[in-house]
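Below is one structure; the comments refer to it alone.
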Amino acid sequence: MLLAKYTPVFDALGLLLYPFTWLGGLPEPLVAAKGMSAGLAEMFLPALLLSEADILTRYVAGVISISSVLFFSAMIPCVLATEIPISVGKMVIIWFERVVFSILLAAAFGHLAMYFNWIG
């Protein structure tokens, strides 16, 4: 939490996610991207950092938090238990790709849910 709050590490990583939050049509794409990038450090940090955002951004942040649990936290013990030669850098790249896909899919379903008044 301290790293996310007082350093620009996740701000820089959020700039890489910005095009995808913008493409997903989130109301404040830069704020959302910076908050979602913190999922690398702690899986529920995006939901905490974006708790005051609009309903669509909170929905996408919740999906990102859950997908971080499934994708990153579960992947590391599985890879370490085997002899698969994947470095930590490559695992971070895989995390980034999965977060990008999660943002795009969650934003699409979030817009659909808002259209049908399921959320909001």
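FYI, nothing fancy with the structure tokens labels: chains A, B, ... in order, residues from 1 per chain, ligands from 1 as they appear.
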
Fewer than 4 positions away in the same chain doesn't count, so skip those; otherwise give me all residues within 7 Å of A:Ala33, counting only C-alpha atoms, as a ChimeraX atom specification. /A:14-15,17-18,21,29,37

Selection from above, N, CA and C atoms, as an mmCIF file, in the first residue's frame, can you write it?
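Below is the file that was written, selection_33.cif:
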data_model
loop_
_atom_site.group_PDB
_atom_site.id
_atom_site.type_symbol
_atom_site.label_atom_id
_atom_site.label_comp_id
_atom_site.auth_asym_id
_atom_site.auth_seq_id
_atom_site.Cartn_x
_atom_site.Cartn_y
_atom_site.Cartn_z
ATOM 1 N N GLY A 14 0.708 2.224 -14.756
ATOM 2 C CA GLY A 14 -0.641 2.615 -15.156
ATOM 3 C C GLY A 14 -0.677 3.292 -16.512
ATOM 4 N N LEU A 15 0.399 3.994 -16.857
ATOM 5 C CA LEU A 15 0.456 4.618 -18.186
ATOM 6 C C LEU A 15 0.444 3.573 -19.296
ATOM 7 N N LEU A 17 -1.272 0.798 -19.055
ATOM 8 C CA LEU A 17 -2.652 0.296 -19.096
ATOM 9 C C LEU A 17 -3.650 1.346 -19.569
ATOM 10 N N TYR A 18 -3.222 2.601 -19.610
ATOM 11 C CA TYR A 18 -4.123 3.695 -19.975
ATOM 12 C C TYR A 18 -4.828 3.497 -21.319
ATOM 13 N N THR A 21 -7.782 1.100 -20.787
ATOM 14 C CA THR A 21 -8.914 1.627 -20.021
ATOM 15 C C THR A 21 -9.660 2.673 -20.831
ATOM 16 N N PRO A 29 -10.148 7.165 -17.434
ATOM 17 C CA PRO A 29 -9.257 6.064 -17.799
ATOM 18 C C PRO A 29 -7.876 6.115 -17.156
ATOM 19 N N SER A 37 -3.190 -0.942 -11.982
ATOM 20 C CA SER A 37 -1.805 -1.402 -12.058
ATOM 21 C C SER A 37 -1.285 -1.833 -10.693
#

Test item: residues at most 8 Å from A:Trp95, only C-alpha atoms, excluding those fewer than 6 positions along its chain, as a ChimeraX atom specification: /A:40,68,71-72

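Among the candidates A:Ala32, A:Ala74, A:Met91, A:Leu26, the one nearest to A:Ala108 when counting only C-alpha atoms is A:Leu26.
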
May I have the residues within 12 Å of A:Ser73 as a list in words, using only C-alpha atoms and disregarding those fewer than 2 positions away in the same chain? Gly39, Leu40, Ala41, Glu42, Met43, Phe44, Ser65, Ile66, Ser67, Ser68, Val69, Leu70, Phe71, Met75, Ile76, Pro77, Cys78, Val79, Leu80, Met91, Val92 and Trp95 of chain A

Export of prior selection with C-alpha atoms as an mmCIF file, in the first residue's frame:
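Wrote it out as again01.cif, contents follow:
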data_model
loop_
_atom_site.group_PDB
_atom_site.id
_atom_site.type_symbol
_atom_site.label_atom_id
_atom_site.label_comp_id
_atom_site.auth_asym_id
_atom_site.auth_seq_id
_atom_site.Cartn_x
_atom_site.Cartn_y
_atom_site.Cartn_z
ATOM 1 C CA GLY A 39 -2.897 -5.238 -8.575
ATOM 2 C CA LEU A 40 0.629 -6.426 -9.235
ATOM 3 C CA ALA A 41 1.627 -5.637 -5.645
ATOM 4 C CA GLU A 42 -1.519 -6.770 -3.865
ATOM 5 C CA MET A 43 -4.528 -8.347 -5.474
ATOM 6 C CA PHE A 44 -7.222 -6.305 -3.721
ATOM 7 C CA SER A 65 -8.904 -7.865 -8.339
ATOM 8 C CA ILE A 66 -10.466 -11.305 -8.711
ATOM 9 C CA SER A 67 -8.614 -12.092 -11.929
ATOM 10 C CA SER A 68 -5.339 -11.102 -10.237
ATOM 11 C CA VAL A 69 -6.002 -13.725 -7.589
ATOM 12 C CA LEU A 70 -6.643 -16.351 -10.220
ATOM 13 C CA PHE A 71 -4.006 -15.366 -12.726
ATOM 14 C CA MET A 75 0.331 -18.981 -11.296
ATOM 15 C CA ILE A 76 3.498 -18.407 -9.260
ATOM 16 C CA PRO A 77 3.171 -21.449 -6.942
ATOM 17 C CA CYS A 78 2.217 -23.647 -9.888
ATOM 18 C CA VAL A 79 5.221 -22.559 -11.925
ATOM 19 C CA LEU A 80 7.584 -22.849 -8.957
ATOM 20 C CA MET A 91 5.468 -13.796 -15.336
ATOM 21 C CA VAL A 92 4.946 -10.032 -15.032
ATOM 22 C CA TRP A 95 0.190 -10.740 -15.751
#

Quick one: pick out all alpha helix (DSSP H) residues within stretch 13-106 of chain A from a backbone DSSP run and write them as an MDAnalysis selection string. chainID A and resid 13:23 29:37 45:49 55:68 75:81 88:106

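Coordinates place atom CA of A:Ile94 at a distance of 14.2 Å from atom CA of A:Ile64.
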
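Summary of the local environment: counting only C-alpha atoms, residues at most 9 Å from stretch 49-55 of chain A, other than itself and those fewer than 5 positions away along its chain, are Pro27, Glu28, Val31, Ala32, Gly35, Met36, Ala38, Phe44, Val60, Ala61, Ile119 and Gly120 of chain A.
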
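Note that atom CA of A:Ala107 and atom CA of A:Gly24 are 5.2 Å apart.
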
Please compute the atom CA of A:Ala106-atom CA of A:Val63 distance, one decimal, in Å. 6.6 Å
